[in-house]
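A.B. asks: My file is model11.csv. It has CSV, C-alpha atoms:
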chain,number,residue,atom,x,y,z
W,1,MET,CA,0.0,0.0,0.0
W,2,ASP,CA,1.3,3.4,-0.9
W,3,SER,CA,2.2,5.6,2.1
W,4,VAL,CA,0.1,8.7,2.5
W,5,ASP,CA,1.5,11.9,3.9
W,6,PRO,CA,-0.6,12.7,7.0
W,7,VAL,CA,-0.5,16.3,6.0
W,8,ASP,CA,-2.5,15.4,2.9
W,9,GLN,CA,-5.2,13.9,5.1
W,10,ALA,CA,-5.4,16.7,7.6
W,11,PRO,CA,-8.5,18.9,7.2
W,12,ALA,CA,-7.9,22.4,5.9
W,13,PRO,CA,-7.7,24.8,8.8
W,14,SER,CA,-10.8,27.0,9.0
W,15,SER,CA,-10.0,30.6,8.3
W,16,PRO,CA,-11.6,33.4,10.3
W,17,PRO,CA,-14.2,35.4,8.4
W,18,GLN,CA,-12.8,38.4,6.5
W,19,PRO,CA,-13.7,41.7,8.1
W,20,LEU,CA,-16.5,43.8,6.7
W,21,PRO,CA,-15.3,45.9,3.8
W,22,LEU,CA,-16.0,49.3,5.5
W,23,GLU,CA,-14.8,48.4,8.9
W,24,GLY,CA,-12.8,51.2,10.4
W,25,LEU,CA,-14.5,54.0,8.3
W,26,THR,CA,-16.6,56.7,9.9
W,27,VAL,CA,-19.6,58.3,8.3
W,28,VAL,CA,-21.3,61.5,9.5
W,29,ALA,CA,-24.8,62.1,8.1
W,30,VAL,CA,-27.1,65.1,8.5
W,31,GLU,CA,-30.0,63.3,7.1
W,32,GLN,CA,-33.8,62.9,7.1
W,33,ALA,CA,-36.6,60.9,5.5
W,34,VAL,CA,-35.4,58.1,3.2
W,35,ALA,CA,-32.9,58.9,0.5
W,36,ALA,CA,-29.8,59.7,2.7
W,37,PRO,CA,-30.8,57.4,5.6
W,38,PHE,CA,-31.2,54.4,3.3
W,39,ALA,CA,-27.9,55.2,1.6
W,40,THR,CA,-26.0,55.4,5.0
W,41,ARG,CA,-27.7,52.3,6.3
W,42,GLN,CA,-26.1,50.4,3.4
W,43,LEU,CA,-22.7,51.7,4.6
W,44,ALA,CA,-23.5,50.6,8.2
W,45,ASP,CA,-24.4,47.2,6.9
W,46,LEU,CA,-21.0,46.9,5.4
W,47,GLY,CA,-19.3,47.8,8.7
W,48,ALA,CA,-19.0,51.6,8.7
W,49,ARG,CA,-19.6,53.5,11.8
W,50,VAL,CA,-22.5,55.9,11.0
W,51,ILE,CA,-23.2,58.9,13.2
W,52,LYS,CA,-26.6,60.4,12.5
W,53,VAL,CA,-27.1,64.0,13.3
W,54,GLU,CA,-30.8,64.8,14.1
W,55,ARG,CA,-32.8,67.9,15.1
W,56,ILE,CA,-33.4,68.3,18.8
W,57,ASP,CA,-37.1,68.9,18.2
W,58,GLY,CA,-38.2,65.4,17.2
W,59,GLY,CA,-35.2,64.4,15.2
W,60,ASP,CA,-35.4,63.0,11.7
W,61,PHE,CA,-39.0,63.7,10.7
W,62,ALA,CA,-39.4,60.1,9.5
W,63,ARG,CA,-39.6,59.2,13.2
W,64,GLY,CA,-43.1,60.6,13.1
W,65,TYR,CA,-44.4,59.1,9.8
W,66,ASP,CA,-46.4,56.3,11.6
W,67,THR,CA,-46.3,54.0,14.6
W,68,ALA,CA,-46.8,50.7,12.8
W,69,ALA,CA,-43.5,49.1,13.9
W,70,ALA,CA,-44.5,48.3,17.5
W,71,GLY,CA,-44.9,52.0,18.2
W,72,LEU,CA,-42.0,53.2,16.0
W,73,ALA,CA,-42.2,54.5,12.4
W,74,SER,CA,-41.7,51.7,9.9
W,75,HIS,CA,-39.7,54.0,7.5
W,76,PHE,CA,-37.3,54.9,10.4
W,77,VAL,CA,-36.8,51.3,11.5
W,78,TRP,CA,-36.1,50.2,7.9
W,79,CYS,CA,-33.5,52.9,7.2
W,80,ASN,CA,-31.7,53.6,10.4
W,81,ARG,CA,-30.4,50.4,12.1
W,82,GLY,CA,-26.8,50.3,13.1
W,83,LYS,CA,-26.4,54.1,13.6
W,84,GLU,CA,-25.5,56.4,16.5
W,85,SER,CA,-27.9,59.3,17.1
W,86,VAL,CA,-26.7,62.7,18.2
W,87,ALA,CA,-29.3,65.5,18.6
W,88,LEU,CA,-28.1,69.0,17.9
W,89,ASP,CA,-29.4,72.4,17.0
W,90,LEU,CA,-27.3,73.3,13.9
W,91,LYS,CA,-28.6,76.9,13.9
W,92,ASP,CA,-26.6,77.5,17.0
W,93,PRO,CA,-22.9,77.9,16.3
W,94,ARG,CA,-22.0,75.5,19.1
W,95,GLY,CA,-24.1,72.7,17.6
W,96,LEU,CA,-22.6,73.4,14.2
W,97,ASP,CA,-19.1,73.3,15.8
W,98,VAL,CA,-19.8,69.8,17.1
W,99,VAL,CA,-20.8,68.6,13.6
W,100,ARG,CA,-17.6,70.1,12.2
W,101,ARG,CA,-15.5,68.3,14.8
W,102,LEU,CA,-17.2,65.0,14.0
W,103,ILE,CA,-16.6,65.6,10.2
W,104,ALA,CA,-12.9,66.3,10.9
W,105,GLY,CA,-12.5,62.7,12.0
W,106,ALA,CA,-14.8,61.2,9.4
W,107,ASP,CA,-14.2,59.5,6.0
W,108,VAL,CA,-17.6,60.2,4.5
W,109,PHE,CA,-20.2,62.9,5.0
W,110,VAL,CA,-23.8,62.7,3.6
W,111,GLN,CA,-26.5,65.2,3.7
W,112,ASN,CA,-30.0,65.6,2.1
W,113,LEU,CA,-31.1,68.9,3.6
W,114,ALA,CA,-33.4,71.2,1.7
W,115,GLN,CA,-31.7,72.8,-1.3
W,116,GLY,CA,-29.3,75.6,-0.2
W,117,ALA,CA,-29.5,74.7,3.6
W,118,ALA,CA,-26.2,72.8,3.7
W,119,ALA,CA,-24.3,75.5,1.8
W,120,ARG,CA,-25.6,78.2,4.3
W,121,LEU,CA,-24.2,76.0,7.1
W,122,GLY,CA,-20.9,75.4,5.3
W,123,LEU,CA,-21.8,71.7,5.1
W,124,ASP,CA,-22.1,71.3,1.3
W,125,ALA,CA,-19.7,68.9,-0.4
W,126,ALA,CA,-17.6,71.5,-2.2
W,127,THR,CA,-16.9,73.5,1.0
W,128,LEU,CA,-16.1,70.4,3.1
W,129,CYS,CA,-13.9,68.8,0.5
W,130,ALA,CA,-11.9,72.0,0.1
W,131,THR,CA,-11.1,71.8,3.9
W,132,HIS,CA,-10.8,68.0,4.2
W,133,PRO,CA,-9.2,66.7,1.0
W,134,ARG,CA,-9.6,63.0,2.0
W,135,LEU,CA,-13.3,63.4,2.8
W,136,VAL,CA,-15.9,61.9,0.5
W,137,ALA,CA,-18.9,64.3,0.8
W,138,VAL,CA,-22.3,63.5,-0.7
W,139,ASP,CA,-25.0,66.0,-1.5
W,140,ILE,CA,-28.4,64.4,-2.2
W,141,SER,CA,-31.0,66.7,-3.6
W,142,GLY,CA,-34.3,66.5,-5.5
W,143,TYR,CA,-33.3,68.0,-8.7
W,144,GLY,CA,-29.6,68.9,-8.5
W,145,PRO,CA,-27.9,72.2,-7.5
W,146,SER,CA,-28.5,74.1,-10.8
W,147,GLY,CA,-31.2,74.5,-13.4
W,148,PRO,CA,-34.8,75.9,-13.1
W,149,TYR,CA,-35.9,73.1,-10.6
W,150,ALA,CA,-32.9,73.5,-8.3
W,151,GLY,CA,-34.9,75.2,-5.5
W,152,LYS,CA,-38.1,73.2,-6.0
W,153,ARG,CA,-39.3,71.1,-3.1
W,154,ALA,CA,-38.9,67.4,-3.8
W,155,TYR,CA,-40.8,64.5,-2.3
W,156,ASP,CA,-40.8,60.9,-3.6
W,157,MET,CA,-44.3,60.9,-5.2
W,158,LEU,CA,-43.6,64.3,-6.8
W,159,VAL,CA,-40.4,63.1,-8.3
W,160,GLN,CA,-42.0,59.9,-9.5
W,161,CYS,CA,-44.4,62.1,-11.5
W,162,GLU,CA,-41.7,64.4,-12.8
W,163,ALA,CA,-39.6,61.4,-13.9
W,164,GLY,CA,-42.5,59.8,-15.8
W,165,LEU,CA,-42.7,56.7,-13.7
W,166,VAL,CA,-46.3,57.3,-12.9
W,167,SER,CA,-47.1,57.6,-16.6
W,168,VAL,CA,-46.1,54.0,-17.3
W,169,THR,CA,-47.4,52.4,-14.1
W,170,GLY,CA,-51.0,51.4,-13.6
W,171,THR,CA,-53.8,50.4,-15.9
W,172,PRO,CA,-54.9,51.9,-19.2
W,173,GLY,CA,-57.4,54.1,-17.4
W,174,GLN,CA,-55.5,55.0,-14.3
W,175,PRO,CA,-51.8,56.0,-13.8
W,176,VAL,CA,-50.5,55.1,-10.3
W,177,LYS,CA,-47.4,55.8,-8.3
W,178,ALA,CA,-45.1,52.9,-7.3
W,179,GLY,CA,-46.1,51.4,-3.9
W,180,ILE,CA,-42.5,52.0,-2.6
W,181,PRO,CA,-40.5,55.3,-2.5
W,182,ALA,CA,-38.8,54.5,-5.8
W,183,ALA,CA,-37.2,58.0,-6.3
W,184,ASP,CA,-35.8,57.9,-2.7
W,185,ILE,CA,-34.5,54.4,-3.1
W,186,ALA,CA,-32.9,55.2,-6.5
W,187,ALA,CA,-31.1,58.2,-5.1
W,188,ALA,CA,-30.0,56.3,-2.1
W,189,MET,CA,-28.5,53.5,-4.1
W,190,TYR,CA,-26.6,55.8,-6.4
W,191,ALA,CA,-25.3,57.7,-3.3
W,192,PHE,CA,-24.2,54.4,-1.8
W,193,SER,CA,-22.4,53.3,-5.0
W,194,GLY,CA,-21.0,56.8,-5.5
W,195,VAL,CA,-19.5,56.6,-2.0
W,196,LEU,CA,-17.9,53.2,-2.7
W,197,ALA,CA,-16.5,54.5,-6.0
W,198,ALA,CA,-15.1,57.6,-4.4
W,199,LEU,CA,-13.5,55.5,-1.6
W,200,VAL,CA,-11.8,53.3,-4.2
W,201,ARG,CA,-10.5,56.5,-5.9
W,202,ARG,CA,-9.3,57.8,-2.6
W,203,GLY,CA,-7.3,54.5,-2.1
W,204,THR,CA,-5.3,55.2,-5.3
W,205,THR,CA,-5.1,59.1,-5.2
W,206,GLY,CA,-5.3,59.9,-1.5
W,207,ARG,CA,-8.2,62.3,-2.2
W,208,GLY,CA,-11.9,62.0,-1.6
W,209,GLY,CA,-14.1,64.5,-3.2
W,210,PRO,CA,-17.7,65.5,-3.7
W,211,VAL,CA,-20.5,63.1,-4.8
W,212,GLU,CA,-23.7,64.6,-6.2
W,213,VAL,CA,-26.9,62.7,-6.6
W,214,SER,CA,-30.4,64.0,-7.5
W,215,MET,CA,-33.6,62.0,-7.1
W,216,LEU,CA,-34.8,63.1,-10.6
W,217,GLU,CA,-31.7,62.0,-12.4
W,218,ALA,CA,-31.5,58.7,-10.4
W,219,LEU,CA,-35.1,57.8,-11.3
W,220,ALA,CA,-34.7,59.0,-14.9
W,221,GLU,CA,-31.9,56.5,-15.3
W,222,TRP,CA,-34.2,53.7,-14.0
W,223,MET,CA,-36.7,54.8,-16.6
W,224,GLY,CA,-34.3,53.6,-19.3
W,225,HIS,CA,-36.4,51.0,-21.1
W,226,PRO,CA,-39.6,53.1,-21.5
W,227,LEU,CA,-37.6,56.2,-22.2
W,228,HIS,CA,-35.6,54.6,-25.0
W,229,HIS,CA,-38.8,52.9,-26.3
W,230,THR,CA,-40.3,56.4,-26.5
W,231,ILE,CA,-37.5,58.6,-27.8
W,232,HIS,CA,-36.3,56.1,-30.4
W,233,GLY,CA,-39.5,54.3,-31.2
W,234,GLY,CA,-41.9,57.3,-31.1
W,235,THR,CA,-44.5,56.0,-28.7
W,236,ALA,CA,-44.5,55.4,-25.0
W,237,PRO,CA,-45.2,51.8,-23.7
W,238,ALA,CA,-48.9,51.4,-22.8
W,239,ARG,CA,-49.9,51.0,-19.2
W,240,THR,CA,-51.0,47.4,-18.9
W,241,GLY,CA,-51.4,46.7,-15.2
W,242,LEU,CA,-49.6,43.5,-14.4
W,243,ALA,CA,-49.3,42.6,-18.1
W,244,HIS,CA,-46.3,43.3,-20.2
W,245,ALA,CA,-46.6,45.9,-22.9
W,246,VAL,CA,-44.8,44.0,-25.6
W,247,ILE,CA,-45.0,40.3,-24.5
W,248,ALA,CA,-47.9,37.9,-24.3
W,249,PRO,CA,-48.9,36.0,-22.3
W,250,TYR,CA,-47.3,37.8,-19.5
W,251,ASP,CA,-49.8,38.6,-16.8
W,252,ALA,CA,-51.6,37.5,-13.6
W,253,TYR,CA,-54.4,34.9,-13.9
W,254,ALA,CA,-56.9,33.9,-11.2
W,255,THR,CA,-57.0,30.3,-10.0
W,256,ALA,CA,-59.8,28.2,-8.7
W,257,ASP,CA,-59.0,28.7,-5.0
W,258,GLY,CA,-58.9,32.5,-5.1
W,259,GLY,CA,-55.2,33.0,-5.7
W,260,GLN,CA,-53.4,34.6,-8.6
W,261,VAL,CA,-50.6,33.1,-10.7
W,262,LEU,CA,-48.3,35.2,-12.9
W,263,LEU,CA,-46.5,33.6,-15.9
W,264,SER,CA,-44.2,34.9,-18.6
W,265,VAL,CA,-43.7,33.3,-22.0
W,266,GLN,CA,-40.5,34.7,-23.4
W,267,ASN,CA,-40.3,32.9,-26.7
W,268,ASP,CA,-42.3,30.8,-29.1
W,269,ARG,CA,-40.8,27.5,-27.9
W,270,GLU,CA,-42.2,28.2,-24.5
W,271,TRP,CA,-45.6,29.0,-25.9
W,272,ARG,CA,-45.7,25.7,-27.6
W,273,ARG,CA,-44.9,23.9,-24.3
W,274,LEU,CA,-47.5,26.0,-22.5
W,275,ALA,CA,-50.1,25.2,-25.1
W,276,GLU,CA,-49.5,21.4,-25.0
W,277,GLN,CA,-48.7,20.8,-21.4
W,278,VAL,CA,-50.8,23.4,-19.5
W,279,LEU,CA,-53.6,24.6,-21.9
W,280,GLY,CA,-54.1,21.1,-23.3
W,281,GLN,CA,-54.4,22.5,-26.8
W,282,ALA,CA,-51.2,21.6,-28.6
W,283,GLY,CA,-52.5,23.0,-31.9
W,284,LEU,CA,-52.3,26.5,-30.5
W,285,GLY,CA,-48.5,26.2,-30.7
W,286,THR,CA,-48.6,26.4,-34.4
W,287,ASP,CA,-51.8,28.3,-35.0
W,288,PRO,CA,-50.8,31.4,-37.0
W,289,ALA,CA,-53.0,33.5,-34.6
W,290,TYR,CA,-50.8,32.6,-31.6
W,291,ALA,CA,-47.6,31.0,-32.9
W,292,THR,CA,-45.5,34.1,-32.6
W,293,ASN,CA,-45.2,36.7,-29.9
W,294,ALA,CA,-46.2,39.4,-32.3
W,295,ALA,CA,-49.4,37.5,-33.1
W,296,ARG,CA,-50.1,36.8,-29.5
W,297,VAL,CA,-49.7,40.5,-28.6
W,298,THR,CA,-52.1,41.4,-31.5
W,299,ASN,CA,-54.5,38.9,-30.2
W,300,ARG,CA,-53.8,39.6,-26.5
W,301,GLU,CA,-57.4,39.4,-25.4
W,302,HIS,CA,-58.0,35.9,-26.9
W,303,THR,CA,-54.5,34.7,-25.7
W,304,ASP,CA,-55.2,35.8,-22.2
W,305,ALA,CA,-58.7,34.2,-22.3
W,306,LEU,CA,-57.2,30.9,-23.2
W,307,VAL,CA,-54.7,31.0,-20.4
W,308,ALA,CA,-57.2,32.3,-17.9
W,309,GLN,CA,-59.6,29.5,-18.7
W,310,ALA,CA,-57.0,26.8,-18.2
W,311,LEU,CA,-55.5,28.2,-15.0
W,312,GLY,CA,-59.0,29.1,-13.6
W,313,ALA,CA,-59.8,25.4,-13.4
W,314,LEU,CA,-56.8,24.7,-11.2
W,315,GLY,CA,-55.8,25.5,-7.6
W,316,THR,CA,-52.9,27.8,-7.2
W,317,ASP,CA,-50.4,25.1,-6.1
W,318,ASP,CA,-51.5,22.8,-8.9
W,319,ALA,CA,-51.2,25.6,-11.5
W,320,LEU,CA,-47.7,26.5,-10.4
W,321,ALA,CA,-46.6,22.9,-10.4
W,322,ARG,CA,-47.9,22.4,-14.0
W,323,LEU,CA,-46.2,25.6,-15.2
W,324,GLU,CA,-42.9,24.6,-13.5
W,325,GLU,CA,-43.1,21.1,-15.1
W,326,ALA,CA,-43.6,22.7,-18.5
W,327,GLY,CA,-40.6,25.0,-17.9
W,328,ILE,CA,-42.6,28.2,-17.9
W,329,ALA,CA,-41.5,31.1,-15.7
W,330,CYS,CA,-44.1,31.7,-13.0
W,331,ALA,CA,-44.8,33.2,-9.6
W,332,ARG,CA,-47.4,33.4,-7.0
W,333,LEU,CA,-48.9,36.9,-6.4
W,334,ARG,CA,-48.1,37.4,-2.7
W,335,ASP,CA,-49.2,40.0,-0.2
W,336,LEU,CA,-46.8,41.4,2.4
W,337,HIS,CA,-47.8,38.9,5.0
W,338,GLU,CA,-46.9,36.1,2.6
W,339,LEU,CA,-43.6,37.8,1.7
W,340,ALA,CA,-42.7,37.9,5.5
W,341,GLY,CA,-43.3,34.1,5.5
W,342,HIS,CA,-41.7,33.4,2.1
W,343,PRO,CA,-40.2,29.9,2.1
W,344,GLN,CA,-37.1,31.0,0.1
W,345,LEU,CA,-36.2,33.7,2.6
W,346,ALA,CA,-36.7,31.2,5.5
W,347,ALA,CA,-34.7,28.5,3.8
W,348,ARG,CA,-31.8,30.9,3.3
W,349,ALA,CA,-32.1,32.1,6.9
W,350,ARG,CA,-32.4,35.8,5.8
W,351,TRP,CA,-34.3,37.0,8.9
W,352,ARG,CA,-32.6,38.5,12.0
W,353,GLU,CA,-33.7,40.6,14.9
W,354,VAL,CA,-32.5,44.1,15.5
W,355,GLY,CA,-32.7,46.0,18.8
W,356,THR,CA,-34.9,49.1,19.0
W,357,PRO,CA,-36.1,51.4,21.8
W,358,VAL,CA,-39.2,49.2,22.0
W,359,GLY,CA,-37.5,45.8,21.9
W,360,PRO,CA,-36.3,43.5,19.1
W,361,LEU,CA,-37.9,43.6,15.7
W,362,ARG,CA,-37.5,41.3,12.7
W,363,ALA,CA,-35.5,42.6,9.8
W,364,LEU,CA,-34.0,41.2,6.7
W,365,LEU,CA,-30.3,40.8,6.2
W,366,PRO,CA,-29.0,43.2,3.5
W,367,PRO,CA,-29.1,41.7,0.0
W,368,ILE,CA,-25.3,42.0,-0.5
W,369,THR,CA,-23.8,38.7,0.7
W,370,LEU,CA,-20.1,38.4,1.1
W,371,PRO,CA,-19.4,34.6,1.4
W,372,GLY,CA,-16.4,34.0,3.7
W,373,GLY,CA,-16.9,37.4,5.3
W,374,ALA,CA,-18.3,38.6,8.5
W,375,GLU,CA,-22.1,38.9,8.6
W,376,ALA,CA,-23.7,42.4,8.5
W,377,PRO,CA,-23.8,43.7,12.0
W,378,MET,CA,-27.6,44.5,12.0
W,379,GLY,CA,-27.0,47.1,14.7
W,380,ASP,CA,-29.7,48.7,16.9
W,381,VAL,CA,-32.1,51.4,15.7
W,382,PRO,CA,-31.2,54.4,17.9
W,383,ALA,CA,-33.4,56.4,20.1
W,384,LEU,CA,-33.2,60.2,19.4
W,385,GLY,CA,-30.0,61.5,20.9
W,386,GLU,CA,-29.1,58.1,22.4
W,387,HIS,CA,-25.4,58.7,21.7
W,388,THR,CA,-25.3,62.5,22.2
W,389,GLU,CA,-23.3,62.5,25.4
W,390,ALA,CA,-20.8,59.9,24.3
W,391,LEU,CA,-20.2,61.7,21.0
W,392,LEU,CA,-19.8,65.1,22.7
W,393,ARG,CA,-17.2,63.6,25.0
W,394,ALA,CA,-15.5,62.0,22.0
W,395,VAL,CA,-15.0,65.4,20.3
W,396,GLY,CA,-13.4,66.7,23.5
W,397,MET,CA,-16.2,68.5,25.4
W,398,THR,CA,-16.1,68.8,29.1
W,399,ASP,CA,-18.8,68.1,31.6
W,400,GLU,CA,-19.5,71.8,31.9
W,401,GLU,CA,-19.7,72.4,28.2
W,402,ILE,CA,-22.0,69.4,27.8
W,403,ALA,CA,-24.3,70.7,30.6
W,404,ALA,CA,-24.4,74.1,29.0
W,405,LEU,CA,-25.4,72.7,25.6
W,406,ARG,CA,-28.2,70.7,27.2
W,407,ARG,CA,-29.3,73.6,29.3
W,408,ASP,CA,-29.5,75.9,26.3
W,409,GLY,CA,-31.3,73.4,24.1
W,410,VAL,CA,-28.4,73.0,21.7
W,411,ALA,CA,-28.0,69.3,22.4
W,412,ALA,CA,-30.5,66.7,23.5
Please express what this file holds, its structure, as C-alpha cells.
C.D. replies:
Amino acid sequence: MDSVDPVDQAPAPSSPPQPLPLEGLTVVAVEQAVAAPFATRQLADLGARVIKVERIDGGDFARGYDTAAAGLASHFVWCNRGKESVALDLKDPRGLDVVRRLIAGADVFVQNLAQGAAARLGLDAATLCATHPRLVAVDISGYGPSGPYAGKRAYDMLVQCEAGLVSVTGTPGQPVKAGIPAADIAAAMYAFSGVLAALVRRGTTGRGGPVEVSMLEALAEWMGHPLHHTIHGGTAPARTGLAHAVIAPYDAYATADGGQVLLSVQNDREWRRLAEQVLGQAGLGTDPAYATNAARVTNREHTDALVAQALGALGTDDALARLEEAGIACARLRDLHELAGHPQLAARARWREVGTPVGPLRALLPPITLPGGAEAPMGDVPALGEHTEALLRAVGMTDEEIAALRRDGVAA
C-alpha cells in the first residue's frame, strides 16, 4: 500500500471570516426621510460607523411618519439600524461646531437637507472637501444644484411624477405611483455606490471629493427602457397593469381557490410547451393567430382568455406545479404577510432581529452577501439622541460644556 503523507489527510484549517469591507470607516450624516438614511444604512451594513445628526425637536421627521413598527415609524426602523444618534441644533454655532468636529474625524459625510441649507451652514460637499481633501462628501437633492428646478421642493411621489414613472405604471385608465418610494431608493443606491467608488479612488489618489446625486436623475436612469422605447420608437409603452406591454402571455391569472398566478412566456418554444402541457391544446402552438409573440400581442385578449380558462380550473399550487413542469417562468402573487413568510427567505435564513427602543424587531439581512466574510452587524435602531453625550465627549467636550449645551437646548 502506498504511504500517505498525513499532511494530505489533515482537514484544511478554518479561516476566520474576512472583516466587513467598510470596517474602520466613519460616516457622519445630516439626514432625514429616506434617501440619505437608506444610503447610509447600506454603509452601516458593510461595517462603517454611522453617526446620524438629528434635530433636537423630534429628530429625523421620518420618526413621526407612523407608529406601525411596535410604536415606532416603519420607515425609520427600515432605514436607520446600526447608527449612533446625536441630537443638535445646527442653527446654534455651538451645535454646528460639534458637527464640524465630527466631520474632521470622518471618512464620509452625507446630507440631504433642503436645497441651499447645507451651503448656508458650510456643510455642502464642495466646501467640506476643500477643507478636508480626504473626505468623501455627498450632496443628495431632489433636482440637482442648478437649473430651473434646483430650488423646487422634492418628495418621492412628486419626483415619480416628474420622472415619468407614474405615466407608465397602472392600468390603461389610471396611472398610479409605485407602492414603494422609488425615487428615494434610486437616489439612495446611487449615493451608496457613489461613496464606494469615491473611496476606491481615494485609495489610489489619496483624495476623496464631492459626490452629487439627484432624485430626478437617479429615477430617470431607472426609466431607461420606457424612455428609450419612446424617444427612439416614437411611442410610449402602454400602461398594462400586471401585463407586459410587448410580450404575451405575461400577466396574472386567477386560480380556482382565489389565488393569482403570474406567468411569462419569453419565446415561441415556451408558448408551444404551454399550449401542449398546460392549456391542453397543442394545436395553438402552431396556429398562426398565436404561434409568434407578435401574433399573441395582437390577439392579446384571446390569448389571455385561453390561459385564464386553463388556470382558472386549477388550484394555485397545482397551477404553479404544472407551469414549472412545463418550464414556464411563473410566480405566486403574494401579499406582504406572505412575503414575510416566504419559504425562500426562510430556507436561506435571511431573517434576523435588531434592537430598537421598543425591543427586538424582525429585519432582513441586506441583499449584499459576502461569502467568507463577517455577517452584516444589523445594529440597533437608535433612540433620538441616544449617543449625544458619548459623542460630545468624543470630540473633547467637558462636563461643563455638555451641561451648557443641554441647558441651552443646543443638544438633547
A.B. asks: Counting only C-alpha atoms, what is within 8 Å of Asp257 of chain W, bar same-chain residues fewer than 6 positions away, as a PyMOL selection string?
C.D. replies: chain W and resi 314-316
A.B. asks: Now that the selection is made, can you save its residues with C-alpha atoms as a PDB file, in the coordinates of the input?
C.D. replies:
ATOM      1  CA  LEU W 314     -56.800  24.700 -11.200  1.00  0.00           C
ATOM      2  CA  GLY W 315     -55.800  25.500  -7.600  1.00  0.00           C
ATOM      3  CA  THR W 316     -52.900  27.800  -7.200  1.00  0.00           C
TER       4      THR W 316
END
A.B. asks: Name the closest residue to Asp408 of chain W among the candidates W:Leu88, W:Ala294, W:Leu227, W:Gln18; distances are taken between atoms, counting all atoms listed in the file.
C.D. replies: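 Ranking W:Leu88, W:Ala294, W:Leu227, W:Gln18 by distance to Asp408 of chain W, first place goes to W:Leu88.
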A.B. asks: From the options W:Gln115, W:Thr127, W:Gln309, W:Thr240, which residue's atoms come nearest to Ser167 of chain W, counting all atoms listed in the file?
C.D. replies: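 The answer is W:Thr240, which sits nearest to Ser167 of chain W.
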A.B. asks: Which residue gives the smallest distance to Ser264 of chain W among W:Asp97, W:Glu324, W:Glu54, W:Asp92, with all atoms listed in the file counted?
C.D. replies: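 Nearest candidate to Ser264 of chain W out of W:Asp97, W:Glu324, W:Glu54, W:Asp92: W:Glu324.
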A.B. asks: Show which residues sit within 7 Å of Arg49 of chain W, as a PyMOL selection string. Count only C-alpha atoms, and ignore same-chain residues fewer than 4 positions away.
C.D. replies: chain W and resi 25-27+44
A.B. asks: Next, the residues of the selection above should be written as a PDB file, in the frame of the given file with C-alpha atoms.
C.D. replies:
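Printed below is again.pdb as written:
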ATOM      1  CA  LEU W  25     -14.500  54.000   8.300  1.00  0.00           C
ATOM      2  CA  THR W  26     -16.600  56.700   9.900  1.00  0.00           C
ATOM      3  CA  VAL W  27     -19.600  58.300   8.300  1.00  0.00           C
ATOM      4  CA  ALA W  44     -23.500  50.600   8.200  1.00  0.00           C
TER       5      ALA W  44
END
A.B. asks: Can you tell me, as a list in words, what residues are no more than 12 Å from Arg322 of chain W when counting all atoms listed in the file, ignoring any on the same chain fewer than 2 positions away?
C.D. replies: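 Answer for this query is Val261, Leu263, Arg273, Leu274, Ala275, Glu276, Gln277, Val278, Leu279, Gly280, Ala310, Leu311, Leu314, Gly315, Thr316, Asp317, Asp318, Ala319, Leu320, Glu324, Glu325, Ala326, Gly327, Ile328, Ala329 and Cys330 of chain W.
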A.B. asks: Suppose you want the space between atom CA of Arg350 of chain W and atom CA of Pro367 of chain W; what is it in Å?
C.D. replies: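 Value for the atom CA of Arg350 of chain W-atom CA of Pro367 of chain W distance: 8.9 Å.
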A.B. asks: Between W:Ala130, W:Ala48, W:Leu72, W:Ala412, which has the minimum distance to Ala106 of chain W (counting all atoms listed in the file)?
C.D. replies: W:Ala48
A.B. asks: With distances taken over only C-alpha atoms, which residue among W:Arg269, W:His225, W:Arg334, W:Arg362 lies nearest Ala252 of chain W?
C.D. replies: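 Using only C-alpha atoms, the shortest distance to Ala252 of chain W belongs to W:Arg334.
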A.B. asks: Please determine, counting only C-alpha atoms, which residue among W:Ile231, W:Val28, W:Ala186, W:Ala236 has the shortest atom-to-atom distance to Met215 of chain W.
C.D. replies: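 Residue with the minimum atom-to-atom distance to Met215 of chain W: W:Ala186.
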A.B. asks: Using Å and a single decimal, report how far atom CA of Ala363 of chain W sits from atom CA of Trp78 of chain W.
C.D. replies: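 Pair atom CA of Trp78 of chain W / atom CA of Ala363 of chain W returns 7.9 Å.
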A.B. asks: When you look at Ser146 of chain W with a cut-off of 12 Å (counting all atoms listed in the file), what residues show up, excluding the ones that are within fewer than 6 positions of it in the same chain? I need them as number ranges by chain.
C.D. replies: W: 115-116, 152, 212, 214
A.B. asks: What gap, in Å, lies between atom CA of Thr230 of chain W and atom CA of Glu270 of chain W?
C.D. replies: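 Taking atom CA of Thr230 of chain W as the start and atom CA of Glu270 of chain W as the end point, the length is 28.3 Å.
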A.B. asks: Find the residues near Ala29 of chain W: any atom within 10 Å, counting all atoms listed in the file, skip ones fewer than 4 places away on the same chain, and give them as a VMD selection string.
C.D. replies: chain W and resid 36 to 37 39 to 40 50 to 54 83 85 99 103 108 to 112 137 to 138
A.B. asks: For the point (-47.5, 49.9, -22.8) in the file's frame, write as a ChimeraX atom specification all residues with an atom no more than 10 Å away, counting only C-alpha atoms.
C.D. replies: /W:167-172,226,229,235-241,243-246
A.B. asks: Could you rebuild segment 57-62 of chain W with N, CA and C atoms and give me the result as an mmCIF file, in the coordinates of the input?
C.D. replies:
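Dumped to result.cif:
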data_model
loop_
_atom_site.group_PDB
_atom_site.id
_atom_site.type_symbol
_atom_site.label_atom_id
_atom_site.label_comp_id
_atom_site.auth_asym_id
_atom_site.auth_seq_id
_atom_site.Cartn_x
_atom_site.Cartn_y
_atom_site.Cartn_z
ATOM 1 N N ASP W 57 -35.667 68.876 18.071
ATOM 2 C CA ASP W 57 -37.100 68.900 18.200
ATOM 3 C C ASP W 57 -37.789 67.811 17.427
ATOM 4 N N GLY W 58 -37.588 66.589 17.885
ATOM 5 C CA GLY W 58 -38.200 65.400 17.200
ATOM 6 C C GLY W 58 -37.334 64.625 16.363
ATOM 7 N N GLY W 59 -36.161 65.151 16.026
ATOM 8 C CA GLY W 59 -35.200 64.400 15.200
ATOM 9 C C GLY W 59 -35.618 64.280 13.776
ATOM 10 N N ASP W 60 -35.084 63.293 13.093
ATOM 11 C CA ASP W 60 -35.400 63.000 11.700
ATOM 12 C C ASP W 60 -36.966 62.900 11.638
ATOM 13 N N PHE W 61 -37.582 63.687 10.737
ATOM 14 C CA PHE W 61 -39.000 63.700 10.700
ATOM 15 C C PHE W 61 -39.658 62.375 10.316
ATOM 16 N N ALA W 62 -38.849 61.454 9.766
ATOM 17 C CA ALA W 62 -39.400 60.100 9.500
ATOM 18 C C ALA W 62 -39.724 59.359 10.742
#
